Every structure is written in C-alpha cells, then in structure tokens.
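Notes for the one structure printed next.
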Amino acid sequence: EFEPIVAFPNEGPFSKKLRDRNIDTVQLPLGTYRSGRKSYAEMAKFAVRSVACGLKLTAVIRRNNVALVYVNGPRWLAAGVMAALLTGRPLLFHLHLTLCRKPEVMLVAQLARHAAKIISCSQATAQVLLRGHPALSKSLLVVNNPLSIVTGGASQFAHILSPPAPFTVGMVARISESKGQLSLLNAVGAL
C-alpha cells in the first residue's frame with residue numbers, strides 16, 4: 001500500500017481527476033519542452049528549471065516523508081535525481097521511449113547511474129541506454145508493455161494480417177525519430 005503524490009509540469013485534466021479522487025498533486029514548473037533539436041538558450045533554461053524543480057521536489061519529499069522517488073521519463077530525471085540525492089531516498093526510473101540524440105543518451109545514462117532500479121519498456125529502449133553506460137545493466141529491468149491475451153489464435157486476425165486489398169494505416173502521434181515511424185515502415189515493408 002502507498003499514498004502517491006503526483007507532480008505535474010502544469011495544471012490539466014489528469015491532475016484534476018487525481019485530486020477529485022483525493023490523490024495529492026503538486027505543480028513543478030519544468031516548462032514546455034518542444035520536440036527536436038534545442039538551442040543553447042533552451043538547454044540553459046531547462047537546466048535552471050530542472051534545478052528549481054529538484055529543490056521544490058526535495059521540499060515535498062521531506063515535508064511528506066516520501067519513501068520512493070519514481071521518475072516517469074527522461075525529461076524529469078535531472079530533477080528527480082537531485083531530489084533523491086538530497087533526501088537520501090531511492091529513485092526508480094521508468095524509461096518508456098527510445099532515446100535518439102547522442103547528447104540526450106549520454107546525459108540520461110549518466111543521471112540513471114543514480115537510480116536504484118531502471119525499468120525499460122523494451123529491449124530496444126534498454127539497449128540505447130546500455131550503449132551509453134553498460135554498467136547500468138546491473139540495475140536495469142525490461143518490463144514489456146502488457147498485451148491482452150486473446151483466445152482463438154492467429155486465424156482470428158487473418159483479415160488483418162493478410163488484407164484482401166491495399167489498405168491505409170492511420171497514426172496519431174508526434175512524427176519524430178523517437179516515435180518509431182521509420183521502424184514501423186521498415187517492418188511493414190519486410191512483411
């Protein structure tokens with residue numbers, strides 16, 4: 001059993017739903033984070049905001065006697081590591097996307113060294129991080145995203161696996177290397 005305190009970068013419908021269910025939330029002003037290459041000014045602003053958020057998170061941890069810091073994604077890792085180190089609390093890092101840019105991989109790999117445990121959503125995601133810092137294998141655990149178990153076997157999906165005519169696939173996502181559209185196209189092409 002646990003009592004979560006969930007931090008958000010800004011107010012939104014999810015934080016409101018949690019509060020409606022009597023779950024504590026806190027806002028940490030990490031700011032916006034656009035996709036793609038960042039300017040030096042953007043990186044500097046992000047670093048300053050990460051320190052500010054780390055200090056605020058430290059105060060939340062101490063005030064509420066938080067026992068575990070859970071960081072859900074690389075964007076929050078610097079603030080989470082800082083707060084965990086300042087409070088002596090263990091950090092659990094959940095990596096659920098494949099890092100693409102070399103500076104990002106290097107930074108996340110260095111910060112992830114401070115995690116008590118790292119959970120990766122796939123082998124591919126884990127391998128990128130391990131190339132950045134192989135020693136992380138001692139604390140890394142791959143937990144694949146769950147799939148519903150369907151009875152009936154592959155014949156139930158025959159109409160999807162071999163459609164009778166050309167078909168169109170729609171995708172709702174940010175178009176970027178980390179989302180894996182190229183991997184999808186290569187896999188479909190190989191079929």
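Residue numbering restarts at 1 in every chain; chains get A, B, ... in the order shown in the structure tokens, and ligands count up from 1 in that same order.
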TODO: Show which residues sit within 9 Å of Arg113 of chain A, as a count of residues only. Count only C-alpha atoms, and ignore same-chain residues fewer than 4 positions away.
DONE: 6
Return as CSV the residues of segment 70-140 of chain A lying at most 10 Å from segment 34-49 of chain A, together with the closest atom-to-atom pair for each and the distance in Å to one decimal, counting only C-alpha atoms, with rows in chain order and ascending residue number.
```
residue,atom,partner,partner_atom,distance
A:Arg75,CA,A:Phe46,CA,9.4
A:Ala78,CA,A:Ala47,CA,8.4
A:Ala79,CA,A:Arg49,CA,8.6
A:Arg101,CA,A:Arg37,CA,8.8
```
TODO: Could you give me, as a ChimeraX atom specification, each residue of segment 15-171 of chain A that DSSP assigns to strand (DSSP E or B) when run on this structure's backbone?
DONE: /A:24-27,69-72,91-95,117-120,140-142
Open item on the list: Set the distance at 12 Å and use only C-alpha atoms: which residues neighbour Lys16 of chain A once local chain neighbours fewer than 4 positions away are removed? I'd like the list as a VMD selection string.
Closed with: chain A and resid 6 to 8 10 to 12 20 to 27
Task: Selection near Leu95 of chain A, 8 Å with only C-alpha atoms, sequence-local residues under 2 positions removed, as a list in words - done: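 Once the adjacent positions are removed, what remains is Asn72, Gly73, Pro74, Phe93, Leu97, Thr98, Ile118, Ile119, Ser120, Cys121 and Thr125 of chain A.
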Task: Interatomic distance, atom CA of Leu140 of chain A to atom CA of Ser122 of chain A (Å, one decimal) - done: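 Computed distance, atom CA of Leu140 of chain A to atom CA of Ser122 of chain A, equals 11.0 Å.
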Open item on the list: Using Å and a single decimal, report how far atom CA of Leu99 of chain A sits from atom CA of Gly189 of chain A.
Closed with: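 Rounded to one decimal, the two atoms are 23.7 Å apart.
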